[in-house]
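Engineer: Below is a structure I'd like to ask you about.
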Amino acid sequence: MDVRTPVYLDNHASTAPDPSVLEVMQRVARDHYGNPASAGHAYGWAAAKVVEDARELVAALVGVSAREVVFTGGATEAANLAVLGLAATADVPGHAVATILEHAAVRAPLDWLASRGWRLTIIDVDPTGVMDPDAVADAIGPDTRLVCCLAAQNEIGTLQPVAAIAERCRETGVPLVCDAAQAAGRVPVTAARDGVALLAISAHKMYGPKGVGALYVRRRDPRVNLAPLCHGGGQERGLRPGTPDVAGIAGFGEACRLATLRQEDDARHLGSLAERFLARLEGGLSGVVVHGDRDRRLPGSLSLGFRGIRGAALLPALPQLALSSGAACSSGTGQPSAVLAALGVPADLAAASLRLCFARTSTADEADFAADAIIAAIQRLRDSGS
């Protein structure tokens, strides 16, 4: 396979918008430019209907009521609203529990709370990258105000036992905050049925636009109360004031509609590509390490380490592939992966690791090409001592 541009395998960082999503966004931007808050004329009504129609589609994807969906500027904002908005309802600093696997969108606001008197317990995971629900239960105390558990890890792709953890939280009356940015649209997410209190999702991880996300806020059994982080308007139940991005929200809704329809087919396709790629890679190369559980992971997702090379030389040796060494939000920091370290991966192997994820549009030829390119690059680096 001859390619003029790199084969894109960085779908954990962002996915290409589906053509149907782009068509919806273009139509809405052209035809529905009214402000949804303009309740006195037809242009505002039409824009408001677009937003509410999209809200229904987002809610359907994650199994909740549309009244429980709050649109945000992305999953990072949604996670911050969940963690800090929940904490702001407490009279005094309390205790929060989280896993070492959390994305910075959750860990950073938790660290901010810790700097202001909150007590923070970080739970380790087993070598397969999966956390133990009983460890969460053991960490919960009388002053625990929230527990955080991501649905799917953004570096290694492992899936977490969210429903079991939510059950432990409900037994103690502590709300569970779930970062589902990587999971929603890729694997079944049923927030209400699983007992999750707050759930953050992102459009651009599921073939939608960047800059749009949502937060599920449970309204009953029991209701979750949040304090807004921003002030200035009554939009989104007062939790996210400001004029919404109507076209982006419409694109988000369309991405959710497509994910609802295609999720099972996508999972089979992505799983097949990952199996094909890994079999070819391991058949042609020794010293390949798969980080995290091989089975309990996002379809099409792989985190791989390569023995016998210097990590700094790895990505430059693969110009024909667009992939990463870890989370996009921490790329360029030069810091070793805390997630791989938590799994017990040695620092030199962690540095010589790649994260890749296939997409709905990825092909078998691209999987083969990527495997062959990595085999050739690793062999060159080993031969040269790099």
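Residues in the structure tokens are numbered from 1 in each chain, the chains being A, B, ... in the order shown, and ligands are numbered from 1 in the order shown.
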May I have all residues of range 103-288 of chain A that DSSP, computed from the backbone, assigns to strand (DSSP E or B), given as a PyMOL selection string?
Structural biologist: chain A and resi 119-123+144-148+152+158-159+176-179+184+187+198-202+213-217+288
Engineer: For Leu321 in chain A, find every residue with an atom within 9 Å (counting only C-alpha atoms), except residues of its own chain fewer than 2 positions away, and show them as a list in words.
Structural biologist: Thr5, Pro6, Val7, Tyr8, Leu9, Leu315, Leu318, Pro319, Leu323, Ala370, Ala373 and Ile374 of chain A
Engineer: Would you save the residues of that selection, restricted to C-alpha atoms, as a PDB file, in the first residue's frame?
Structural biologist:
ATOM      1  CA  THR A   5      -0.287  11.134   3.684  1.00  0.00           C
ATOM      2  CA  PRO A   6       0.168   9.265   6.985  1.00  0.00           C
ATOM      3  CA  VAL A   7      -2.349   6.556   7.827  1.00  0.00           C
ATOM      4  CA  TYR A   8      -4.407   7.976  10.676  1.00  0.00           C
ATOM      5  CA  LEU A   9      -4.458   5.791  13.788  1.00  0.00           C
ATOM      6  CA  LEU A 315       7.782   8.181  16.624  1.00  0.00           C
ATOM      7  CA  LEU A 318       7.235   6.238  11.679  1.00  0.00           C
ATOM      8  CA  PRO A 319       6.436   9.293   9.514  1.00  0.00           C
ATOM      9  CA  LEU A 323      -0.287   7.817  16.037  1.00  0.00           C
ATOM     10  CA  ALA A 370       0.721  -0.053   9.696  1.00  0.00           C
ATOM     11  CA  ALA A 373       5.734  -0.106   8.822  1.00  0.00           C
ATOM     12  CA  ILE A 374       6.193  -0.676  12.557  1.00  0.00           C
TER      13      ILE A 374
END
Engineer: When you look at Asp383 in chain A with a cut-off of 10 Å (counting only C-alpha atoms), what residues show up, excluding the ones that are within fewer than 6 positions of it in the same chain? I need them as a VMD selection string.
Structural biologist: chain A and resid 308 to 309 377
Engineer: Provide the CA of Ile375 in chain A to CA of Ala16 in chain A distance in Å, to one decimal place.
Structural biologist: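 Atom-to-atom, CA of Ile375 in chain A and CA of Ala16 in chain A are spaced 26.4 Å apart.
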Engineer: Show me, as a ChimeraX atom specification, the residues that have an atom within 12 Å of Ala371 in chain A when counting only C-alpha atoms, minus same-chain residues fewer than 6 positions from it.
Structural biologist: /A:1,7,9,273-285,288,304,318,320-321,356,364-365,377-378
